[in-house]
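Student: This is data31.cif, which holds mmCIF, C-alpha atoms:
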data_work
loop_
_atom_site.label_atom_id
_atom_site.label_comp_id
_atom_site.auth_asym_id
_atom_site.auth_seq_id
_atom_site.Cartn_x
_atom_site.Cartn_y
_atom_site.Cartn_z
CA MET A 27 -35.25 -15.43 26.26
CA GLN A 28 -34.58 -11.73 26.81
CA ASN A 29 -30.86 -10.83 26.54
CA LEU A 30 -30.05 -14.49 25.81
CA SER A 31 -27.01 -13.56 23.73
CA SER A 32 -25.42 -11.81 26.69
CA ARG A 33 -25.90 -14.86 28.93
CA LEU A 34 -24.48 -17.51 26.60
CA GLN A 35 -20.70 -17.74 26.66
CA ILE A 36 -18.17 -19.11 24.18
CA ARG A 37 -17.74 -22.31 26.20
CA ASP A 38 -21.55 -22.82 26.05
CA LEU A 39 -21.53 -22.52 22.26
CA ARG A 40 -18.58 -24.88 21.98
CA LEU A 41 -20.39 -27.52 24.06
CA ILE A 42 -23.58 -27.21 21.98
CA GLN A 43 -21.55 -27.57 18.79
CA ALA A 44 -19.55 -30.53 20.10
CA ILE A 45 -22.62 -32.46 21.31
CA HIS A 46 -24.43 -31.81 18.03
CA ASP A 47 -21.47 -32.95 15.92
CA SER A 48 -20.59 -36.04 17.98
CA GLY A 49 -24.02 -37.08 19.23
CA GLN A 50 -22.37 -38.12 22.49
CA LEU A 51 -22.02 -36.16 25.70
CA ALA A 52 -18.91 -38.13 26.68
CA MET A 53 -17.20 -37.44 23.34
CA ALA A 54 -18.12 -33.76 23.49
CA ALA A 55 -16.67 -33.53 27.00
CA GLU A 56 -13.45 -35.20 25.85
CA GLN A 57 -13.09 -32.80 22.91
CA LEU A 58 -13.41 -29.85 25.27
CA ALA A 59 -11.09 -31.37 27.90
CA MET A 60 -13.94 -31.57 30.44
CA THR A 61 -15.22 -34.37 32.63
CA GLN A 62 -18.55 -35.83 31.63
CA PRO A 63 -20.27 -34.70 34.86
CA ALA A 64 -18.99 -31.15 34.29
CA ALA A 65 -20.30 -31.21 30.72
CA SER A 66 -23.65 -32.53 31.94
CA ARG A 67 -23.92 -29.73 34.51
CA LEU A 68 -22.97 -27.11 31.92
CA LEU A 69 -25.59 -28.42 29.46
CA ALA A 70 -28.24 -28.33 32.16
CA SER A 71 -27.28 -24.73 32.93
CA ILE A 72 -27.50 -23.80 29.24
CA GLU A 73 -30.94 -25.37 28.92
CA ARG A 74 -32.17 -23.46 31.98
CA THR A 75 -30.85 -20.25 30.44
CA VAL A 76 -32.51 -20.98 27.11
CA GLY A 77 -35.67 -22.24 28.80
CA SER A 78 -35.94 -25.31 26.60
CA PRO A 79 -34.23 -28.70 26.15
CA LEU A 80 -31.57 -28.67 23.44
CA PHE A 81 -30.98 -32.40 23.13
CA VAL A 82 -33.06 -35.52 23.64
CA ARG A 83 -31.15 -38.30 25.38
CA HIS A 84 -31.56 -41.86 24.17
CA PRO A 85 -29.52 -45.07 24.60
CA LYS A 86 -27.34 -44.47 21.53
CA GLY A 87 -26.60 -40.84 22.17
CA MET A 88 -28.17 -37.40 21.97
CA ILE A 89 -30.37 -35.92 19.25
CA ALA A 90 -30.88 -32.16 18.93
CA THR A 91 -34.34 -30.72 19.45
CA ALA A 92 -35.64 -28.02 17.11
CA MET A 93 -34.20 -25.42 19.50
CA GLY A 94 -30.96 -27.38 19.66
CA GLU A 95 -30.67 -27.45 15.85
CA VAL A 96 -31.11 -23.69 15.62
CA LEU A 97 -28.58 -22.97 18.34
CA SER A 98 -26.14 -25.52 16.91
CA ARG A 99 -26.20 -23.80 13.52
CA GLY A 100 -25.79 -20.43 15.19
CA ALA A 101 -22.94 -21.71 17.36
CA ASP A 102 -21.20 -23.17 14.33
CA ASN A 103 -21.46 -19.90 12.39
CA LEU A 104 -20.35 -17.76 15.33
CA LEU A 105 -17.42 -19.97 16.27
CA ASN A 106 -16.23 -20.24 12.67
CA THR A 107 -16.43 -16.46 12.32
CA LEU A 108 -14.57 -16.01 15.58
CA GLU A 109 -11.90 -18.49 14.53
CA GLU A 110 -11.45 -16.74 11.20
CA SER A 111 -11.24 -13.36 12.94
CA LEU A 112 -8.60 -14.67 15.33
CA ARG A 113 -6.56 -16.09 12.42
CA GLU A 114 -6.82 -12.77 10.60
CA ALA A 115 -5.86 -10.85 13.74
CA HIS A 116 -2.85 -13.12 14.21
CA ALA A 117 -1.86 -12.57 10.57
CA VAL A 118 -2.17 -8.81 11.06
CA GLU A 119 -0.02 -9.01 14.19
CA LEU A 120 2.65 -10.85 12.22
CA GLY A 121 2.42 -8.38 9.32
CA ARG A 122 0.97 -10.99 6.94
CA ALA A 123 -2.34 -9.18 6.55
CA GLY A 124 -3.87 -5.80 7.29
CA THR A 125 -3.86 -2.48 5.49
CA ALA A 126 -1.07 -0.11 4.45
CA ARG A 127 -1.51 3.24 2.69
CA VAL A 128 1.42 4.84 0.90
CA GLY A 129 1.89 7.99 -1.14
CA ALA A 130 4.87 8.72 -3.36
CA VAL A 131 6.26 10.99 -6.03
CA THR A 132 6.39 9.24 -9.39
CA GLY A 133 10.06 8.29 -9.44
CA GLY A 134 9.97 6.98 -5.87
CA ALA A 135 6.83 4.95 -6.56
CA VAL A 136 8.33 3.29 -9.65
CA ALA A 137 11.81 2.64 -8.28
CA PHE A 138 11.15 1.77 -4.64
CA VAL A 139 7.52 1.40 -3.58
CA VAL A 140 6.36 -0.97 -6.33
CA PRO A 141 9.27 -3.45 -5.88
CA ALA A 142 8.80 -3.31 -2.09
CA ILE A 143 5.10 -4.13 -2.43
CA GLN A 144 5.92 -7.03 -4.73
CA GLN A 145 8.39 -8.36 -2.18
CA LEU A 146 5.94 -7.92 0.70
CA LYS A 147 3.16 -9.73 -1.17
CA LYS A 148 5.26 -12.92 -1.21
CA THR A 149 4.66 -13.31 2.54
CA ALA A 150 1.56 -11.14 2.98
CA ALA A 151 -0.84 -12.26 0.29
CA LEU A 152 -3.85 -11.13 2.36
CA SER A 153 -2.57 -7.57 2.69
CA ASP A 154 -4.65 -4.63 1.48
CA ILE A 155 -2.20 -2.06 0.12
CA HIS A 156 -3.09 1.35 -1.31
CA ILE A 157 -0.60 3.53 -3.18
CA ASP A 158 -1.17 7.04 -4.53
CA VAL A 159 1.16 8.96 -6.82
CA ALA A 160 0.95 12.73 -6.42
CA PRO A 161 3.01 15.92 -6.01
CA SER A 162 4.71 16.50 -2.67
CA ASP A 163 2.27 19.15 -1.41
CA VAL A 164 -0.65 16.76 -1.92
CA LEU A 165 1.22 13.89 -0.27
CA ILE A 166 2.25 15.88 2.81
CA ASP A 167 -1.26 17.22 3.22
CA GLY A 168 -2.59 13.66 3.03
CA LEU A 169 -0.01 12.47 5.55
CA LEU A 170 -1.01 15.20 8.02
CA ARG A 171 -4.66 14.23 7.56
CA GLY A 172 -3.88 10.61 8.37
CA GLN A 173 -4.55 9.33 4.83
CA TYR A 174 -1.11 7.69 4.55
CA ASP A 175 1.08 5.60 6.82
CA PHE A 176 4.14 7.11 5.14
CA VAL A 177 5.10 8.96 1.98
CA LEU A 178 8.07 9.34 -0.33
CA SER A 179 7.99 13.08 -0.74
CA ARG A 180 9.61 16.41 -0.22
CA ILE A 181 8.50 18.74 2.57
CA PRO A 182 7.04 21.86 0.92
CA SER A 183 8.14 25.28 2.09
CA GLY A 184 6.02 26.64 4.89
CA ILE A 185 5.46 23.19 6.46
CA ASP A 186 7.10 22.60 9.85
CA ALA A 187 9.54 19.71 9.36
CA ARG A 188 9.43 19.03 13.11
CA LEU A 189 6.03 17.42 12.58
CA PHE A 190 7.71 14.49 10.83
CA THR A 191 10.22 11.71 11.18
CA VAL A 192 12.39 11.88 8.08
CA ARG A 193 14.66 9.23 6.59
CA ARG A 194 16.83 10.48 3.78
CA GLY A 195 15.86 9.26 0.35
CA ARG A 196 17.19 9.98 -3.13
CA VAL A 197 17.73 12.82 -5.56
CA GLU A 198 16.04 12.58 -8.94
CA ILE A 199 18.04 12.87 -12.15
CA LEU A 200 16.07 14.19 -15.09
CA GLU A 201 16.02 12.86 -18.62
CA PHE A 202 14.21 14.28 -21.63
CA LEU A 203 11.76 11.98 -23.38
CA VAL A 204 10.65 12.30 -27.00
CA ARG A 205 9.08 10.02 -29.60
CA LYS A 206 11.65 7.77 -31.27
CA ASP A 207 11.51 9.63 -34.62
CA HIS A 208 11.79 13.10 -33.05
CA PRO A 209 14.18 15.45 -34.93
CA LEU A 210 16.61 15.44 -31.98
CA ALA A 211 16.40 11.72 -31.20
CA SER A 212 19.31 10.66 -33.40
CA GLN A 213 21.70 13.42 -32.32
CA GLN A 214 24.50 12.92 -29.81
CA LYS A 215 25.20 15.33 -26.98
CA VAL A 216 22.23 17.57 -27.63
CA PRO A 217 22.81 20.95 -25.91
CA LEU A 218 20.18 22.11 -23.44
CA ALA A 219 19.73 25.25 -25.49
CA ALA A 220 18.46 23.17 -28.43
CA LEU A 221 15.50 21.95 -26.36
CA THR A 222 13.87 25.37 -26.03
CA ALA A 223 12.81 25.44 -29.69
CA HIS A 224 10.28 22.65 -29.05
CA GLU A 225 7.04 22.41 -27.15
CA TRP A 226 7.38 21.02 -23.61
CA LEU A 227 5.23 18.95 -21.30
CA ILE A 228 6.25 19.55 -17.71
CA GLN A 229 4.90 19.70 -14.18
CA PRO A 230 3.45 23.02 -12.94
CA ARG A 231 5.71 25.88 -11.88
CA GLN A 232 5.54 25.19 -8.11
CA SER A 233 6.75 21.59 -8.51
CA PRO A 234 10.37 20.66 -7.59
CA MET A 235 10.98 19.31 -11.09
CA ARG A 236 9.88 22.54 -12.74
CA GLN A 237 11.94 24.59 -10.30
CA ALA A 238 15.03 22.47 -10.98
CA VAL A 239 14.62 22.89 -14.75
CA ASP A 240 14.04 26.64 -14.50
CA GLU A 241 17.05 27.11 -12.23
CA ALA A 242 19.30 25.01 -14.47
CA PHE A 243 18.35 26.96 -17.58
CA MET A 244 18.72 30.33 -15.87
CA ALA A 245 22.10 29.34 -14.37
CA ARG A 246 23.33 28.55 -17.88
CA GLN A 247 21.68 31.69 -19.32
CA ILE A 248 19.49 29.58 -21.59
CA PRO A 249 16.04 30.98 -22.47
CA LEU A 250 13.22 29.02 -20.89
CA PRO A 251 10.85 27.15 -23.24
CA GLN A 252 8.01 29.36 -24.36
CA GLU A 253 5.49 26.73 -25.46
CA ILE A 254 4.53 24.63 -22.43
CA VAL A 255 1.75 22.25 -21.45
CA ASN A 256 1.55 21.79 -17.69
CA THR A 257 0.61 18.32 -16.45
CA THR A 258 1.39 15.88 -13.64
CA SER A 259 -0.23 12.98 -15.49
CA LEU A 260 2.14 10.35 -16.86
CA LEU A 261 -0.61 9.02 -19.12
CA VAL A 262 -1.25 12.46 -20.63
CA MET A 263 2.48 12.93 -21.15
CA ILE A 264 2.87 9.60 -22.99
CA SER A 265 -0.17 10.25 -25.17
CA TYR A 266 1.03 13.74 -26.10
CA LEU A 267 4.64 12.80 -26.81
CA THR A 268 3.81 9.92 -29.15
CA SER A 269 2.02 12.21 -31.61
CA THR A 270 4.00 15.47 -31.45
CA ASP A 271 7.57 16.82 -31.41
CA ALA A 272 7.14 17.83 -27.76
CA ILE A 273 9.78 17.15 -25.09
CA ALA A 274 9.09 16.04 -21.53
CA PRO A 275 11.55 16.12 -18.64
CA ILE A 276 10.99 13.00 -16.55
CA THR A 277 12.82 11.25 -13.73
CA ARG A 278 15.34 8.59 -14.72
CA GLU A 279 13.39 5.84 -12.92
CA VAL A 280 10.29 6.53 -15.02
CA ALA A 281 12.37 6.87 -18.19
CA ASP A 282 13.99 3.49 -17.47
CA LEU A 283 10.54 1.91 -17.12
CA LEU A 284 9.21 3.43 -20.34
CA ARG A 285 12.17 2.31 -22.44
CA SER A 286 12.63 -1.08 -20.76
CA GLY A 287 10.47 -2.92 -23.24
CA LYS A 288 7.93 -3.77 -20.55
CA ILE A 289 5.90 -0.78 -21.76
CA ASP A 290 6.16 -0.28 -25.52
CA CYS A 291 5.21 3.36 -26.06
CA GLY A 292 7.80 4.34 -28.70
CA LEU A 293 9.62 6.88 -26.54
CA VAL A 294 13.37 7.45 -26.15
CA SER A 295 15.60 9.68 -24.05
CA LEU A 296 17.63 12.43 -25.66
CA ASP A 297 21.42 12.30 -25.28
CA VAL A 298 21.66 15.69 -23.57
CA ASP A 299 25.11 17.14 -22.81
CA ASP A 300 24.18 18.35 -19.32
CA GLN A 301 22.48 16.90 -16.26
CA ILE A 302 19.70 18.36 -14.13
CA ILE A 303 19.23 17.05 -10.61
CA VAL A 304 16.09 17.60 -8.54
CA ASN A 305 16.35 18.07 -4.77
CA PRO A 306 15.96 14.79 -2.85
CA TYR A 307 12.69 13.34 -1.66
CA HIS A 308 12.56 11.46 1.64
CA LEU A 309 10.71 8.68 3.43
CA ILE A 310 8.44 10.61 5.80
CA THR A 311 6.09 9.61 8.59
CA ARG A 312 4.23 11.74 11.10
CA ARG A 313 6.15 12.07 14.34
CA ASN A 314 4.84 9.74 17.06
CA GLN A 315 2.46 8.08 14.61
CA ALA A 316 1.83 4.41 15.43
CA LEU A 317 1.99 2.21 12.33
CA GLY A 318 0.44 -1.22 12.01
CA PRO A 319 2.74 -4.26 11.54
CA LEU A 320 2.08 -4.42 7.79
CA ALA A 321 2.83 -0.72 7.26
CA VAL A 322 6.03 -1.09 9.31
CA GLN A 323 7.16 -3.98 7.12
CA LEU A 324 6.44 -2.07 3.93
CA ARG A 325 8.15 1.07 5.22
CA ASP A 326 11.26 -0.90 6.15
CA LEU A 327 11.35 -2.67 2.77
CA VAL A 328 11.12 0.67 0.97
CA PHE A 329 13.85 2.15 3.12
CA GLN A 330 16.16 -0.83 2.51
CA ARG A 331 15.86 -0.12 -1.20
CA LEU A 332 16.38 3.59 -0.73
CA ALA A 333 19.51 2.84 1.30
CA GLY A 334 20.83 0.52 -1.39
CA GLU A 335 20.57 -2.56 0.83
CA VAL A 336 18.59 -4.54 -1.76
CA SER A 337 20.08 -5.61 -5.08
CA GLU A 338 17.86 -6.68 -7.96
CA PRO A 339 18.83 -9.81 -9.92
CA GLY A 340 21.21 -8.97 -12.74
CA LEU A 341 22.22 -5.58 -11.34
#
Could I get this file's structure written as structure tokens?

Tutor:
Amino acid sequence: MQNLSSRLQIRDLRLIQAIHDSGQLAMAAEQLAMTQPAASRLLASIERTVGSPLFVRHPKGMIATAMGEVLSRGADNLLNTLEESLREAHAVELGRAGTARVGAVTGGAVAFVVPAIQQLKKTAALSDIHIDVAPSDVLIDGLLRGQYDFVLSRIPSGIDARLFTVRRGRVEILEFLVRKDHPLASQQKVPLAALTAHEWLIQPRQSPMRQAVDEAFMARQIPLPQEIVNTTSLLVMISYLTSTDAIAPITREVADLLRSGKIDCGLVSLDVDDQIIVNPYHLITRRNQALGPLAVQLRDLVFQRLAGEVSEPGL
């Protein structure tokens, strides 16, 4: 019985299962596309390997011995597991299952990654998809560490862009969110200079959004806001804005989501007389990185949306 598992093959297990289920050697042989003599010889070989009879032969068929019952149950479990594994592997090969890990800046996640995942799930219900929203420096670090298949991000200064394959993405247009009864909410064409009198919630100074805001204000010789709360958390921003007269610059995609009615948080965008544009983020993978079929599908769906090749109903 030593090393028995290494001496029994898949065809042996299939024969044991077939004889047990049918009770007939001839029927088992037919199911396995074997001749009856070949099946008889194979069973005899299995019983010599096991060192014990597996079936008792009688005029009406074959009945499993105690050893045969145990091996039949084991064969059934192993073959079912193998069959399920093969189906799963085939689904992975076709991109209908498997794992994909994505990181994105907030606007890219809302506008492109989420709709792409929803589209992918229609044909890949078994897929295991992970998405993180973070600043670009965190995303690129995670990509280099192998934590993501791809990211929607900017490449921070000091990082060698030759490490990546880059597909051009989108710029981000900023809007300024406030609670709906904010003193500036009802005004038309609010000048940028009027925003500095209020408290701000904004991403930290090294972030592309903060840099774009600072550069825009300095280019127009407008004093920068003095009272600032630094945060990258959308939840913190929403909570803070709803109970104060603070202002938060946010990407248009996120602003559209918050005022769409799908999320009722009582926030509106100010009608500002000028526009601030943040440098573009891109769809980035590590150069020469091999992606699984599911990740490739998701990446391509995201890129189609970035490239404007997908139109949403009603747009």

Student: What is the distance between atom CA of A:Gly129 and atom CA of A:Pro234, in Å to one decimal?

Tutor: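 Computed distance, atom CA of A:Gly129 to atom CA of A:Pro234, equals 16.6 Å.
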
Student: Write out as a list in words each polymer residue whose atoms come within 9 Å of A:Ile42, counting only C-alpha atoms; drop sequence neighbours fewer than 5 positions from it.

Tutor: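 Using only C-alpha atoms, the neighbours found are Arg37, Asp47, Ala54, Leu69, Ile72, Leu80, Gly94, Leu97, Ser98, Ala101 and Asp102 of chain A.
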
Student: Please produce an output containing C-alpha atoms for each residue in the selection, written as a short mmCIF file (atom, residue, chain, number, x, y, z; two decimals), in the coordinates of the input.

Tutor:
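Listing of selection-v3.cif after writing:
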data_model
loop_
_atom_site.label_atom_id
_atom_site.label_comp_id
_atom_site.auth_asym_id
_atom_site.auth_seq_id
_atom_site.Cartn_x
_atom_site.Cartn_y
_atom_site.Cartn_z
CA ARG A 37 -17.74 -22.31 26.20
CA ASP A 47 -21.47 -32.95 15.92
CA ALA A 54 -18.12 -33.76 23.49
CA LEU A 69 -25.59 -28.42 29.46
CA ILE A 72 -27.50 -23.80 29.24
CA LEU A 80 -31.57 -28.67 23.44
CA GLY A 94 -30.96 -27.38 19.66
CA LEU A 97 -28.58 -22.97 18.34
CA SER A 98 -26.14 -25.52 16.91
CA ALA A 101 -22.94 -21.71 17.36
CA ASP A 102 -21.20 -23.17 14.33
#

Student: Which polymer residues have any atom within 8 Å of an atom of stretch 218-221 of chain A, counting only C-alpha atoms, with same-chain residues fewer than 5 positions away left out, as a PyMOL selection string?

Tutor: chain A and resi 243+248-249+251+273+298-300

Student: Which residues, named as in the file, does the PyMOL selection byres ((chain A and resi 281) around 10) pick out? Answer as a ChimeraX atom specification.

Tutor: /A:133,200-203,275-280,282-286,293-295

Student: Extract, using all atoms listed in the file, all DNA, RNA and protein residues at most 10 Å from A:Leu169, discarding same-chain residues fewer than 6 positions from it, and format them as a ChimeraX atom specification.

Tutor: /A:127-129,163,175-177,190,310-312

Student: Please measure the separation of atom CA of A:Leu317 and atom CA of A:Glu109, giving the value in Å to one decimal.

Tutor: 25.0 Å

Student: Kindly indicate which residue among A:Ala137, A:Ile185, A:Leu51, A:Leu165 lies nearest to A:Lys86, using all atoms listed in the file for the distances.

Tutor: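 Of A:Ala137, A:Ile185, A:Leu51, A:Leu165, the one nearest A:Lys86, counting all atoms listed in the file, is A:Leu51.
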
Student: How many Å separate atom CA of A:Asn106 from atom CA of A:Ala150?

Tutor: 22.2 Å

Student: Measuring between all atoms listed in the file, which one of A:Asn305, A:Thr270, A:Ser179, A:Gln57 shows the shortest distance to A:Ala238?

Tutor: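 Going through A:Asn305, A:Thr270, A:Ser179, A:Gln57 one by one, the smallest distance to A:Ala238 is for A:Asn305.
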
Student: Name every residue that the PyMOL selection byres ((chain A and resi 152-160) around 9) selects in this structure, writing the answer as a ChimeraX atom specification with chains first and numbers rising.

Tutor: /A:114,117-118,121-132,135,139-140,143,146-147,149-151,161-165,174,258,320-321

Student: Evaluated on this file, the PyMOL selection byres ((chain A and resi 329) around 10) picks out some residues - which ones are they, written as a list in words?

Tutor: Phe138, Val139, Ala142, Leu178, Arg193, Arg194, Gly195, His308, Leu309, Gln323, Leu324, Arg325, Asp326, Leu327, Val328, Gln330, Arg331, Leu332, Ala333, Gly334, Glu335 and Val336 of chain A

Student: Taking only C-alpha atoms into account, name the residue in A:Asn314, A:Thr61, A:Gln50, A:Ser71 that is nearest to A:His84.

Tutor: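 The answer is A:Gln50, which sits nearest to A:His84.
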
Student: Quick one: everything within 6 Å of A:Arg205, counting all atoms listed in the file, minus sequence neighbours fewer than 4 positions away in the same chain. Send it as a list in words.

Tutor: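 My reading of the contact set: Leu267, Thr268, Gly292 and Leu293 of chain A.
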